[in-house]
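Asks: Data file target_32.cif (mmCIF, C-alpha atoms and all ligand atoms) is appended below.
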```
data_target
loop_
_atom_site.label_atom_id
_atom_site.label_comp_id
_atom_site.auth_asym_id
_atom_site.auth_seq_id
_atom_site.Cartn_x
_atom_site.Cartn_y
_atom_site.Cartn_z
CA MET A 1 0.00 0.00 0.00
CA LYS A 2 1.32 3.39 -1.04
CA CYS A 3 0.35 6.99 -0.42
CA PHE A 4 -1.80 8.40 -3.24
CA ILE A 5 0.24 11.60 -3.40
CA CYS A 6 3.89 10.98 -2.44
CA GLN A 7 3.79 7.22 -3.16
CA GLY A 8 5.61 6.59 0.13
CA GLY A 9 4.87 3.52 2.22
CA ASN A 10 4.98 5.09 5.67
CA LEU A 11 1.25 4.97 6.39
CA PHE A 12 -0.08 4.97 9.92
CA LYS A 13 -3.48 3.31 10.45
CA PHE A 14 -5.39 5.33 13.04
CA MET A 15 -9.00 4.18 12.67
CA ASP A 16 -10.48 0.87 11.57
CA PHE A 17 -14.16 0.59 10.63
CA GLY A 18 -14.02 -3.14 9.88
CA ASP A 19 -15.54 -4.57 6.70
CA GLN A 20 -18.43 -2.60 5.21
CA PRO A 21 -20.44 -2.69 1.94
CA PRO A 22 -19.98 0.34 -0.36
CA THR A 23 -22.19 2.87 1.33
CA ASP A 24 -24.18 3.75 -1.79
CA ALA A 25 -25.05 0.09 -2.40
CA PHE A 26 -28.72 0.39 -1.46
CA LEU A 27 -30.62 -2.86 -1.94
CA ARG A 28 -33.83 -3.79 -3.69
CA LYS A 29 -36.27 -6.08 -1.91
CA ASP A 30 -35.15 -9.12 -3.91
CA ASP A 31 -31.49 -8.43 -3.04
CA LEU A 32 -32.09 -8.81 0.69
CA GLU A 33 -31.56 -12.57 0.77
CA LYS A 34 -28.46 -12.40 -1.42
CA PRO A 35 -24.96 -12.13 0.05
CA GLU A 36 -23.55 -8.60 0.08
CA ALA A 37 -19.98 -7.67 -0.73
CA PHE A 38 -18.01 -6.27 2.22
CA TYR A 39 -14.68 -4.47 1.93
CA PRO A 40 -12.19 -3.29 4.55
CA LEU A 41 -12.50 0.35 5.56
CA ALA A 42 -9.77 2.09 7.56
CA LEU A 43 -8.13 5.51 7.73
CA TYR A 44 -4.40 6.10 7.35
CA PHE A 45 -2.13 9.10 7.86
CA CYS A 46 0.93 9.44 5.61
CA GLU A 47 3.87 10.26 7.84
CA ASN A 48 5.73 11.62 4.84
CA CYS A 49 3.29 14.09 3.19
CA SER A 50 0.43 14.23 5.79
CA LEU A 51 -2.29 13.01 3.44
CA VAL A 52 -5.20 11.20 5.12
CA GLN A 53 -6.55 8.34 3.03
CA ILE A 54 -8.40 5.04 3.23
CA GLY A 55 -6.53 1.80 2.75
CA HIS A 56 -8.61 -0.28 0.38
CA ILE A 57 -9.82 0.81 -3.04
CA VAL A 58 -13.11 -0.74 -4.09
CA SER A 59 -13.16 -0.98 -7.88
CA PRO A 60 -14.61 2.30 -9.13
CA MET A 61 -16.44 0.30 -11.80
CA LEU A 62 -18.35 -1.36 -9.01
CA ILE A 63 -19.26 1.89 -7.32
CA PHE A 64 -20.07 4.08 -10.28
CA GLN A 65 -21.01 1.90 -13.22
CA ASP A 66 -22.30 -1.53 -12.34
CA ARG A 67 -25.46 -0.40 -10.66
CA ASP A 68 -27.82 2.53 -10.70
CA TYR A 69 -26.06 5.37 -9.03
CA VAL A 70 -28.77 6.87 -6.90
CA TYR A 71 -27.30 10.26 -6.15
CA THR A 72 -28.34 13.10 -8.45
CA THR A 73 -27.22 16.64 -7.81
CA SER A 74 -30.56 18.20 -8.69
CA THR A 75 -32.24 16.54 -5.68
CA ASN A 76 -29.93 18.46 -3.35
CA ASN A 77 -31.00 22.07 -3.05
CA SER A 78 -27.94 23.37 -1.24
CA SER A 79 -25.67 21.77 -3.88
CA LYS A 80 -27.63 23.54 -6.59
CA ILE A 81 -27.23 26.91 -4.87
CA ASN A 82 -23.52 26.24 -4.31
CA PHE A 83 -22.96 25.35 -7.99
CA LYS A 84 -24.87 28.39 -9.22
CA ASN A 85 -22.81 30.67 -6.98
CA LEU A 86 -19.59 28.97 -8.05
CA VAL A 87 -20.29 29.38 -11.75
CA GLU A 88 -21.29 33.04 -11.31
CA LYS A 89 -18.11 33.65 -9.36
CA LEU A 90 -15.93 31.96 -11.99
CA VAL A 91 -17.55 33.87 -14.84
CA GLU A 92 -16.96 37.17 -13.07
CA ARG A 93 -13.49 36.55 -11.65
CA PHE A 94 -11.94 34.96 -14.75
CA LYS A 95 -13.99 37.05 -17.20
CA LEU A 96 -15.40 34.05 -19.03
CA THR A 97 -17.03 34.75 -22.39
CA SER A 98 -18.71 32.70 -25.11
CA GLU A 99 -15.19 32.12 -26.51
CA ASP A 100 -14.30 30.04 -23.45
CA PHE A 101 -14.59 26.34 -22.80
CA ALA A 102 -15.48 24.89 -19.39
CA ILE A 103 -15.28 21.26 -18.34
CA ASP A 104 -16.89 19.72 -15.29
CA VAL A 105 -15.49 16.42 -14.09
CA GLY A 106 -17.97 14.34 -12.10
CA SER A 107 -20.69 16.27 -13.90
CA ASN A 108 -23.47 13.95 -12.65
CA ASP A 109 -26.83 15.13 -14.03
CA GLY A 110 -25.30 18.30 -15.53
CA THR A 111 -26.57 20.70 -12.86
CA LEU A 112 -23.33 22.67 -12.49
CA LEU A 113 -22.76 22.94 -16.25
CA SER A 114 -26.32 24.14 -16.82
CA TYR A 115 -25.45 27.40 -15.01
CA TYR A 116 -22.91 28.27 -17.75
CA LEU A 117 -25.59 28.09 -20.44
CA PRO A 118 -26.94 31.66 -20.06
CA TYR A 119 -23.39 32.98 -20.77
CA GLY A 120 -23.01 30.99 -23.99
CA ILE A 121 -19.84 29.31 -22.65
CA LYS A 122 -18.95 26.01 -24.33
CA ILE A 123 -19.37 23.16 -21.87
CA LEU A 124 -18.54 19.50 -21.48
CA GLY A 125 -19.18 17.03 -18.69
CA VAL A 126 -17.14 13.92 -17.90
CA ASP A 127 -18.61 11.34 -15.54
CA PRO A 128 -18.86 7.52 -15.50
CA SER A 129 -22.11 7.26 -13.51
CA SER A 130 -25.63 6.51 -14.72
CA ALA A 131 -26.71 9.96 -13.46
CA THR A 132 -25.28 11.27 -16.77
CA LYS A 133 -28.40 10.06 -18.57
CA PHE A 134 -30.27 13.03 -17.06
CA ALA A 135 -27.57 15.41 -18.41
CA ILE A 136 -27.70 13.88 -21.86
CA ALA A 137 -31.50 14.07 -21.82
CA ARG A 138 -31.23 17.84 -21.40
CA ASN A 139 -28.62 18.21 -24.15
CA ILE A 140 -25.60 18.79 -21.95
CA PRO A 141 -22.61 17.32 -23.83
CA THR A 142 -21.20 14.55 -21.67
CA VAL A 143 -18.45 11.95 -21.97
CA VAL A 144 -19.56 8.93 -19.96
CA ASP A 145 -16.22 7.71 -18.64
CA PHE A 146 -13.62 8.12 -15.88
CA PHE A 147 -11.53 11.27 -16.35
CA GLY A 148 -7.78 10.76 -16.73
CA GLU A 149 -4.90 11.33 -19.17
CA LYS A 150 -6.56 9.30 -21.92
CA ILE A 151 -9.91 11.11 -21.83
CA ALA A 152 -8.03 14.41 -21.52
CA ALA A 153 -6.16 13.64 -24.77
CA ASP A 154 -9.43 12.78 -26.55
CA VAL A 155 -11.12 15.96 -25.29
CA LEU A 156 -8.09 18.07 -26.26
CA LYS A 157 -8.20 16.73 -29.81
CA LYS A 158 -11.92 17.25 -30.20
CA TYR A 159 -12.58 20.48 -28.25
CA GLY A 160 -9.20 22.15 -27.50
CA LYS A 161 -7.91 23.52 -24.20
CA ALA A 162 -10.14 24.66 -21.37
CA LYS A 163 -10.24 27.92 -19.44
CA VAL A 164 -11.91 26.30 -16.45
CA ILE A 165 -12.05 22.73 -15.18
CA THR A 166 -14.20 22.09 -12.15
CA ALA A 167 -14.28 18.93 -10.04
CA THR A 168 -16.74 19.17 -7.17
CA ASN A 169 -16.94 16.25 -4.74
CA VAL A 170 -15.04 13.99 -7.08
CA PHE A 171 -11.37 14.89 -6.69
CA ALA A 172 -11.13 12.89 -3.46
CA HIS A 173 -12.85 9.90 -5.10
CA VAL A 174 -10.55 9.22 -8.06
CA SER A 175 -8.31 6.21 -7.72
CA GLU A 176 -5.96 7.15 -10.58
CA LEU A 177 -5.03 10.45 -8.99
CA HIS A 178 -1.80 11.14 -10.88
CA SER A 179 -3.41 10.39 -14.23
CA PHE A 180 -6.26 12.73 -13.27
CA VAL A 181 -4.00 15.68 -12.39
CA ARG A 182 -1.81 15.10 -15.45
CA GLY A 183 -5.01 15.17 -17.55
CA VAL A 184 -6.02 18.46 -15.93
CA ALA A 185 -2.54 19.96 -16.55
CA ASP A 186 -2.64 18.85 -20.22
CA LEU A 187 -6.09 20.31 -20.79
CA LEU A 188 -5.68 23.71 -19.12
CA GLN A 189 -4.88 26.81 -21.15
CA ASP A 190 -1.86 28.79 -19.88
CA ASP A 191 -4.25 30.99 -17.89
CA GLY A 192 -6.65 28.10 -17.24
CA VAL A 193 -7.96 27.37 -13.75
CA PHE A 194 -8.66 24.08 -12.04
CA VAL A 195 -11.22 24.41 -9.24
CA SER A 196 -11.84 21.49 -6.93
CA GLU A 197 -14.20 21.14 -4.00
CA SER A 198 -13.60 18.32 -1.56
CA GLY A 199 -14.44 17.46 2.02
CA TYR A 200 -11.89 19.33 4.15
CA LEU A 201 -9.84 17.33 6.62
CA LEU A 202 -9.90 20.17 9.12
CA ASP A 203 -13.72 20.13 9.21
CA LEU A 204 -13.81 16.35 9.41
CA ILE A 205 -11.59 16.38 12.48
CA GLU A 206 -13.13 19.45 14.08
CA ARG A 207 -16.72 18.17 13.74
CA LEU A 208 -15.82 14.55 14.49
CA GLY A 209 -17.69 13.74 11.24
CA TYR A 210 -16.44 10.21 10.80
CA ASP A 211 -19.64 9.32 8.93
CA ALA A 212 -17.99 10.96 5.88
CA VAL A 213 -15.60 8.01 5.75
CA TYR A 214 -16.64 5.47 3.13
CA HIS A 215 -15.13 3.65 0.17
CA GLU A 216 -15.98 6.35 -2.37
CA HIS A 217 -13.98 8.92 -0.36
CA LEU A 218 -10.43 7.78 -0.89
CA ARG A 219 -8.78 10.86 0.55
CA PHE A 220 -9.45 13.71 2.98
CA TYR A 221 -7.47 16.69 1.80
CA SER A 222 -5.61 19.42 3.53
CA LEU A 223 -3.70 22.07 1.57
CA LYS A 224 -0.11 21.00 2.19
CA PRO A 225 -0.28 17.53 0.58
CA LEU A 226 -2.45 18.95 -2.22
CA GLU A 227 0.14 21.60 -3.06
CA ARG A 228 2.74 18.86 -3.26
CA LEU A 229 0.53 16.91 -5.66
CA PHE A 230 -0.10 19.89 -7.95
CA ASN A 231 3.58 20.87 -7.99
CA LYS A 232 4.44 17.46 -9.42
CA PHE A 233 2.49 18.38 -12.55
CA GLY A 234 3.59 22.00 -12.94
CA LEU A 235 0.55 23.39 -11.14
CA GLU A 236 0.20 25.33 -7.90
CA ILE A 237 -2.57 26.42 -5.56
CA PHE A 238 -3.14 30.18 -5.85
CA ASP A 239 -6.29 30.50 -3.78
CA ALA A 240 -8.36 28.43 -1.35
CA GLU A 241 -11.50 28.96 0.68
CA ARG A 242 -13.52 27.00 3.18
CA ILE A 243 -17.13 26.42 2.11
CA PRO A 244 -20.02 24.87 4.06
CA THR A 245 -20.98 22.09 1.59
CA HIS A 246 -21.03 18.49 2.83
CA ASN A 247 -20.19 19.25 6.47
CA GLY A 248 -17.32 21.53 5.51
CA SER A 249 -15.34 21.50 2.29
CA ILE A 250 -12.37 23.24 0.78
CA ARG A 251 -12.52 24.98 -2.58
CA VAL A 252 -9.05 25.03 -4.11
CA TYR A 253 -7.96 27.07 -7.13
CA ALA A 254 -4.93 25.73 -9.00
CA ALA A 255 -3.24 26.88 -12.20
CA LYS A 256 0.09 26.61 -13.99
CA ILE A 257 2.93 27.75 -11.72
CA GLY A 258 3.23 31.55 -11.88
CA ALA A 259 0.01 32.10 -13.88
CA TYR A 260 -1.77 33.89 -11.01
CA PRO A 261 -0.50 35.74 -7.93
CA LYS A 262 -0.83 33.68 -4.77
CA ASN A 263 -3.65 34.86 -2.56
CA LYS A 264 -2.73 35.14 1.13
CA SER A 265 -5.55 32.66 1.90
CA VAL A 266 -3.23 29.81 0.95
CA GLU A 267 -0.58 30.67 3.52
CA GLU A 268 -3.19 31.47 6.15
CA LEU A 269 -4.98 28.15 5.76
CA MET A 270 -1.73 26.22 5.88
CA ALA A 271 -0.86 28.06 9.12
CA LEU A 272 -4.26 27.08 10.49
CA GLU A 273 -3.68 23.46 9.48
CA THR A 274 -0.34 23.46 11.31
CA LYS A 275 -1.92 25.02 14.39
CA PHE A 276 -4.70 22.45 14.33
CA GLY A 277 -2.22 19.57 14.16
CA LEU A 278 -3.15 18.24 10.73
CA TYR A 279 0.45 17.29 10.01
CA LYS A 280 0.89 15.23 13.22
CA LYS A 281 -0.35 11.70 13.79
CA GLU A 282 -1.34 12.34 17.44
CA THR A 283 -4.25 14.47 16.20
CA PHE A 284 -5.68 11.45 14.41
CA ILE A 285 -5.16 9.09 17.34
CA HIS A 286 -7.29 11.46 19.44
CA PHE A 287 -9.87 11.68 16.67
CA ALA A 288 -10.29 7.90 16.61
CA GLU A 289 -10.70 7.79 20.40
CA ASP A 290 -13.32 10.52 20.34
CA ALA A 291 -15.19 8.81 17.50
CA LYS A 292 -15.36 5.58 19.47
CA LYS A 293 -16.81 7.37 22.49
CA HIS A 294 -19.30 9.18 20.28
CA GLY A 295 -20.47 5.90 18.70
CA VAL A 296 -21.12 4.32 22.09
CA GLU A 297 -23.02 7.39 23.30
CA PHE A 298 -25.20 7.49 20.17
CA LYS A 299 -26.07 3.81 20.26
CA THR A 300 -26.84 3.93 24.01
CA LEU A 301 -29.19 6.86 23.50
CA LEU A 302 -31.13 5.07 20.76
CA THR A 303 -31.28 1.80 22.68
CA ASP A 304 -32.64 3.58 25.76
CA ILE A 305 -35.30 5.33 23.69
CA LYS A 306 -36.31 2.04 22.12
CA LYS A 307 -36.46 0.31 25.52
CA ALA A 308 -38.86 3.01 26.68
CA GLY A 309 -41.25 1.86 23.94
CA LYS A 310 -40.77 4.87 21.65
CA THR A 311 -40.43 4.84 17.87
CA ILE A 312 -37.37 6.08 15.97
CA VAL A 313 -37.11 6.83 12.26
CA GLY A 314 -34.30 8.30 10.21
CA ILE A 315 -34.66 11.38 8.01
CA GLY A 316 -32.77 11.16 4.72
CA ALA A 317 -30.61 8.29 3.50
CA PRO A 318 -27.36 9.97 2.43
CA ALA A 319 -24.39 7.65 1.87
CA LYS A 320 -22.90 8.79 5.17
CA ALA A 321 -25.88 7.40 7.12
CA ASN A 322 -24.65 3.90 6.27
CA THR A 323 -21.22 4.49 7.78
CA LEU A 324 -22.81 5.76 10.98
CA LEU A 325 -25.22 2.79 11.16
CA HIS A 326 -22.37 0.39 10.49
CA PHE A 327 -19.96 1.98 12.96
CA CYS A 328 -22.54 2.08 15.78
CA LYS A 329 -24.11 -1.29 14.85
CA ILE A 330 -27.61 0.12 14.51
CA ASP A 331 -30.11 -1.84 12.42
CA SER A 332 -33.83 -2.26 11.78
CA LYS A 333 -34.38 -3.46 15.35
CA ILE A 334 -33.66 0.08 16.51
CA ILE A 335 -34.70 2.24 13.56
CA ASP A 336 -38.08 1.36 12.01
CA CYS A 337 -37.45 3.05 8.68
CA ILE A 338 -35.64 5.89 6.98
CA LEU A 339 -37.77 8.50 5.28
CA GLU A 340 -36.75 10.07 1.99
CA LYS A 341 -38.02 12.62 -0.47
CA SER A 342 -36.10 11.23 -3.44
CA ASP A 343 -38.09 8.73 -5.50
CA LEU A 344 -34.81 7.09 -6.53
CA LYS A 345 -34.29 5.70 -3.03
CA ILE A 346 -37.85 5.06 -1.81
CA GLY A 347 -38.54 1.33 -1.77
CA LEU A 348 -34.87 0.39 -1.31
CA PHE A 349 -33.11 -0.88 1.84
CA THR A 350 -29.87 0.25 3.47
CA PRO A 351 -26.89 -2.00 2.76
CA GLU A 352 -25.86 -4.31 5.62
CA THR A 353 -28.44 -2.98 8.13
CA HIS A 354 -31.48 -3.56 5.85
CA ILE A 355 -33.56 -0.64 7.08
CA PRO A 356 -36.44 0.09 4.65
CA ILE A 357 -36.48 3.49 2.96
CA LEU A 358 -39.99 4.88 2.75
CA SER A 359 -41.70 8.09 1.69
CA GLU A 360 -41.35 11.16 3.91
CA GLU A 361 -45.18 11.36 4.11
CA ILE A 362 -45.05 8.76 6.90
CA LEU A 363 -43.41 11.29 9.20
CA PHE A 364 -46.52 13.47 9.16
CA LYS A 365 -49.09 10.66 9.12
CA GLU A 366 -47.63 8.41 11.80
CA GLN A 367 -45.78 11.00 13.92
CA PRO A 368 -42.93 8.76 15.15
CA ASP A 369 -41.50 9.91 18.53
CA TYR A 370 -37.95 10.58 17.33
CA ALA A 371 -36.39 11.40 13.96
CA ILE A 372 -32.62 11.13 13.40
CA MET A 373 -31.22 13.78 11.08
CA PHE A 374 -28.73 11.79 9.03
CA SER A 375 -28.05 14.87 6.88
CA TRP A 376 -27.06 16.67 10.05
CA ASN A 377 -25.21 19.33 8.10
CA LEU A 378 -28.60 20.46 6.76
CA ALA A 379 -30.42 20.25 10.12
CA ASP A 380 -30.91 24.02 10.45
CA GLU A 381 -32.49 24.15 7.03
CA LEU A 382 -34.58 20.96 7.24
CA ILE A 383 -35.95 20.98 10.80
CA PRO A 384 -38.09 24.15 10.45
CA LYS A 385 -39.47 22.78 7.16
CA LEU A 386 -40.42 19.44 8.72
CA LYS A 387 -42.04 21.20 11.68
CA ASN A 388 -43.98 23.51 9.37
CA SER A 389 -45.17 20.51 7.39
CA GLY A 390 -46.69 19.12 10.60
CA TYR A 391 -44.15 16.85 12.34
CA ASN A 392 -44.48 17.20 16.13
CA GLY A 393 -41.86 14.71 17.39
CA LYS A 394 -38.29 15.23 18.56
CA PHE A 395 -35.16 15.43 16.42
CA ILE A 396 -31.90 13.64 17.14
CA ILE A 397 -28.85 15.33 15.66
CA PRO A 398 -25.87 12.94 15.70
CA PHE A 399 -22.95 15.35 15.13
CA PRO A 400 -20.75 17.11 16.17
CA LYS A 401 -22.26 16.17 19.56
CA VAL A 402 -25.30 13.94 19.99
CA LYS A 403 -28.21 16.28 20.66
CA ILE A 404 -32.02 16.00 20.99
CA ILE A 405 -34.18 19.01 20.14
ZN ZN A 501 2.24 10.71 1.29
#
```
How does this structure look as structure tokens?
Ligand SMILES: [Zn+2]
Replies:
Amino acid sequence: MKCFICQGGNLFKFMDFGDQPPTDAFLRKDDLEKPEAFYPLALYFCENCSLVQIGHIVSPMLIFQDRDYVYTTSTNNSSKINFKNLVEKLVERFKLTSEDFAIDVGSNDGTLLSYYLPYGIKILGVDPSSATKFAIARNIPTVVDFFGEKIAADVLKKYGKAKVITATNVFAHVSELHSFVRGVADLLQDDGVFVSESGYLLDLIERLGYDAVYHEHLRFYSLKPLERLFNKFGLEIFDAERIPTHNGSIRVYAAKIGAYPKNKSVEELMALETKFGLYKKETFIHFAEDAKKHGVEFKTLLTDIKKAGKTIVGIGAPAKANTLLHFCKIDSKIIDCILEKSDLKIGLFTPETHIPILSEEILFKEQPDYAIMFSWNLADELIPKLKNSGYNGKFIIPFPKVKII
């Protein structure tokens, strides 16, 4: 096993989740009796370059292509707002015109790219998942494949170089990382910009959000190892900002070395990372200890509620819910069902724990006593809505501290 960035072998395992199915592998009713595939899941810290990564790569074909990929961007309102703001910002800051070409890697159903359309900017999506069928249906040009050097060469030949390449919530998922960054470097114009958004290690540690750990998330980035990665391919980070998406992410702007002046945000964030201990393994040992305590506390709370004869449902079935259920060993004996708005998931069951996913309507009709907010990052937005729609029970928010409101 080697580090994804520096290729060194000095990896320190600080947290082991045991074997777990891919967290997006929701099951149909007729799959329930069939054996499920489990894969090891553990977190490692590279003592050479400070990258945090998982140790076992599940074949990306298995995660993104061999089954219906149930996540579509357009079902997530806060993602839509984030993408719209990002595109508007890019157009303004880099003065994009109809002469420019923008690529989105991990383009999913084409939501992000659609915001370029009013400006007449040429667009192209690259994504291997079945969510691309929604993009193609609305005429957003899309290459259905994994981005890397080879696809970059094809795109270069057919469309030319790009002014902007975005990769939101995908840059930490790619297994062929060096091929990916080389592809980006090959495709960028001299003043081209690569913008990535990924879960930020600092937020993960600060919020104890270990439910973000699953097979699709191969790496949890901080700026220092990322800068090292970009430098290898003649790129550098010239700006970075923390954004609230997915429990705390980092938006990183990279370009050819010297193409843009370095914003002071880069140095400031690296100083914050040092101060926070992101380059020391002790930080991660403490994180694992705290996560263990949190898991016990959460499970005990739910068990006590159940013993008192009360009903518990889950709200929302994001991928991260499955890591939390797995880690705390919570199954359908404790949680009756998980309620969803998205038609793509209703009728399915959670992998491993086999909790049925039903329509959100049940929350208002049956008024269960407690509802767990699995999308806890959206709790402030969702709870008032659910109350207004008529739910009178209590909410359990699992992170950063277990809380009932
Ligand atoms: Zn490394």
Asks: Which residue gives the smallest distance to Leu358 in chain A among A:Ile396, A:Val313, A:Ala37, A:Leu269, with only C-alpha atoms counted?
Replies: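 Of the candidates, the smallest distance to Leu358 in chain A is held by A:Val313.
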Asks: Do you know which residues are at most 8 Å from Asp127 in chain A counting all atoms listed in the file, after dropping those on the same chain fewer than 2 positions away, and could you put them as an mmCIF file with C-alpha atoms, in the frame of the given file?
Replies:
```
data_model
loop_
_atom_site.group_PDB
_atom_site.id
_atom_site.type_symbol
_atom_site.label_atom_id
_atom_site.label_comp_id
_atom_site.auth_asym_id
_atom_site.auth_seq_id
_atom_site.Cartn_x
_atom_site.Cartn_y
_atom_site.Cartn_z
ATOM 1 C CA VAL A 105 -15.490 16.420 -14.090
ATOM 2 C CA GLY A 106 -17.970 14.340 -12.100
ATOM 3 C CA SER A 107 -20.690 16.270 -13.900
ATOM 4 C CA ASN A 108 -23.470 13.950 -12.650
ATOM 5 C CA GLY A 125 -19.180 17.030 -18.690
ATOM 6 C CA SER A 129 -22.110 7.260 -13.510
ATOM 7 C CA THR A 132 -25.280 11.270 -16.770
ATOM 8 C CA THR A 142 -21.200 14.550 -21.670
ATOM 9 C CA VAL A 143 -18.450 11.950 -21.970
ATOM 10 C CA VAL A 144 -19.560 8.930 -19.960
ATOM 11 C CA ASP A 145 -16.220 7.710 -18.640
ATOM 12 C CA PHE A 146 -13.620 8.120 -15.880
ATOM 13 C CA PHE A 147 -11.530 11.270 -16.350
#
```
Asks: Tell me, counting all atoms listed in the file, for each residue of chain A within 12 Å of ligand ZN 501 (chain A), which pair of atoms is nearest and how far apart they are in Å to one decimal, in rows ordered by chain and increasing number, as JSON lines.
Replies:
```
{"residue": "A:Met1", "atom": "CA", "partner": "A:ZN501", "partner_atom": "ZN", "distance": 11.0}
{"residue": "A:Lys2", "atom": "CA", "partner": "A:ZN501", "partner_atom": "ZN", "distance": 7.7}
{"residue": "A:Cys3", "atom": "CA", "partner": "A:ZN501", "partner_atom": "ZN", "distance": 4.5}
{"residue": "A:Phe4", "atom": "CA", "partner": "A:ZN501", "partner_atom": "ZN", "distance": 6.5}
{"residue": "A:Ile5", "atom": "CA", "partner": "A:ZN501", "partner_atom": "ZN", "distance": 5.2}
{"residue": "A:Cys6", "atom": "CA", "partner": "A:ZN501", "partner_atom": "ZN", "distance": 4.1}
{"residue": "A:Gln7", "atom": "CA", "partner": "A:ZN501", "partner_atom": "ZN", "distance": 5.9}
{"residue": "A:Gly8", "atom": "CA", "partner": "A:ZN501", "partner_atom": "ZN", "distance": 5.4}
{"residue": "A:Gly9", "atom": "CA", "partner": "A:ZN501", "partner_atom": "ZN", "distance": 7.7}
{"residue": "A:Asn10", "atom": "CA", "partner": "A:ZN501", "partner_atom": "ZN", "distance": 7.6}
{"residue": "A:Leu11", "atom": "CA", "partner": "A:ZN501", "partner_atom": "ZN", "distance": 7.7}
{"residue": "A:Phe12", "atom": "CA", "partner": "A:ZN501", "partner_atom": "ZN", "distance": 10.6}
{"residue": "A:Tyr44", "atom": "CA", "partner": "A:ZN501", "partner_atom": "ZN", "distance": 10.1}
{"residue": "A:Phe45", "atom": "CA", "partner": "A:ZN501", "partner_atom": "ZN", "distance": 8.1}
{"residue": "A:Cys46", "atom": "CA", "partner": "A:ZN501", "partner_atom": "ZN", "distance": 4.7}
{"residue": "A:Glu47", "atom": "CA", "partner": "A:ZN501", "partner_atom": "ZN", "distance": 6.8}
{"residue": "A:Asn48", "atom": "CA", "partner": "A:ZN501", "partner_atom": "ZN", "distance": 5.1}
{"residue": "A:Cys49", "atom": "CA", "partner": "A:ZN501", "partner_atom": "ZN", "distance": 4.0}
{"residue": "A:Ser50", "atom": "CA", "partner": "A:ZN501", "partner_atom": "ZN", "distance": 6.0}
{"residue": "A:Leu51", "atom": "CA", "partner": "A:ZN501", "partner_atom": "ZN", "distance": 5.5}
{"residue": "A:Val52", "atom": "CA", "partner": "A:ZN501", "partner_atom": "ZN", "distance": 8.4}
{"residue": "A:Gln53", "atom": "CA", "partner": "A:ZN501", "partner_atom": "ZN", "distance": 9.3}
{"residue": "A:Arg219", "atom": "CA", "partner": "A:ZN501", "partner_atom": "ZN", "distance": 11.0}
{"residue": "A:Tyr221", "atom": "CA", "partner": "A:ZN501", "partner_atom": "ZN", "distance": 11.4}
{"residue": "A:Ser222", "atom": "CA", "partner": "A:ZN501", "partner_atom": "ZN", "distance": 11.9}
{"residue": "A:Lys224", "atom": "CA", "partner": "A:ZN501", "partner_atom": "ZN", "distance": 10.6}
{"residue": "A:Pro225", "atom": "CA", "partner": "A:ZN501", "partner_atom": "ZN", "distance": 7.3}
{"residue": "A:Leu226", "atom": "CA", "partner": "A:ZN501", "partner_atom": "ZN", "distance": 10.1}
{"residue": "A:Glu227", "atom": "CA", "partner": "A:ZN501", "partner_atom": "ZN", "distance": 11.9}
{"residue": "A:Arg228", "atom": "CA", "partner": "A:ZN501", "partner_atom": "ZN", "distance": 9.3}
{"residue": "A:Leu229", "atom": "CA", "partner": "A:ZN501", "partner_atom": "ZN", "distance": 9.5}
{"residue": "A:Tyr279", "atom": "CA", "partner": "A:ZN501", "partner_atom": "ZN", "distance": 11.1}
```
Asks: Given the selection you just returned, output its residues as a file containing C-alpha atoms, formatted as a compact mmCIF listing (two decimals), in the frame of the given file.
Replies:
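Result file part-v3.txt:
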```txt
# COMPACT_ATOMS: atom_id res chain seq x y z
CA MET A 1 0.00 0.00 0.00
CA LYS A 2 1.32 3.39 -1.04
CA CYS A 3 0.35 6.99 -0.42
CA PHE A 4 -1.80 8.40 -3.24
CA ILE A 5 0.24 11.60 -3.40
CA CYS A 6 3.89 10.98 -2.44
CA GLN A 7 3.79 7.22 -3.16
CA GLY A 8 5.61 6.59 0.13
CA GLY A 9 4.87 3.52 2.22
CA ASN A 10 4.98 5.09 5.67
CA LEU A 11 1.25 4.97 6.39
CA PHE A 12 -0.08 4.97 9.92
CA TYR A 44 -4.40 6.10 7.35
CA PHE A 45 -2.13 9.10 7.86
CA CYS A 46 0.93 9.44 5.61
CA GLU A 47 3.87 10.26 7.84
CA ASN A 48 5.73 11.62 4.84
CA CYS A 49 3.29 14.09 3.19
CA SER A 50 0.43 14.23 5.79
CA LEU A 51 -2.29 13.01 3.44
CA VAL A 52 -5.20 11.20 5.12
CA GLN A 53 -6.55 8.34 3.03
CA ARG A 219 -8.78 10.86 0.55
CA TYR A 221 -7.47 16.69 1.80
CA SER A 222 -5.61 19.42 3.53
CA LYS A 224 -0.11 21.00 2.19
CA PRO A 225 -0.28 17.53 0.58
CA LEU A 226 -2.45 18.95 -2.22
CA GLU A 227 0.14 21.60 -3.06
CA ARG A 228 2.74 18.86 -3.26
CA LEU A 229 0.53 16.91 -5.66
CA TYR A 279 0.45 17.29 10.01
```
Asks: Counting all atoms listed in the file, which of A:Glu216, A:Glu197, A:Asp16, A:Glu289 gets nearest to Val174 in chain A?
Replies: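 Checking each candidate against Val174 in chain A, we get A:Glu216 as the closest.
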Asks: Quick one: everything within 10 Å of range 359-372 of chain A, counting all atoms listed in the file, minus sequence neighbours fewer than 4 positions away in the same chain. Send it as an MDAnalysis selection string.
Replies: chainID A and resid 302 305:306 309:316 321 335:343 345:347 376 379 386:387 389:398 403:405
Asks: Which is closest to Phe94 in chain A among A:Phe327, A:Phe287, A:Phe194, A:Phe399, if we use only C-alpha atoms?
Replies: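 Of A:Phe327, A:Phe287, A:Phe194, A:Phe399, the one nearest Phe94 in chain A is A:Phe194, counting only C-alpha atoms.
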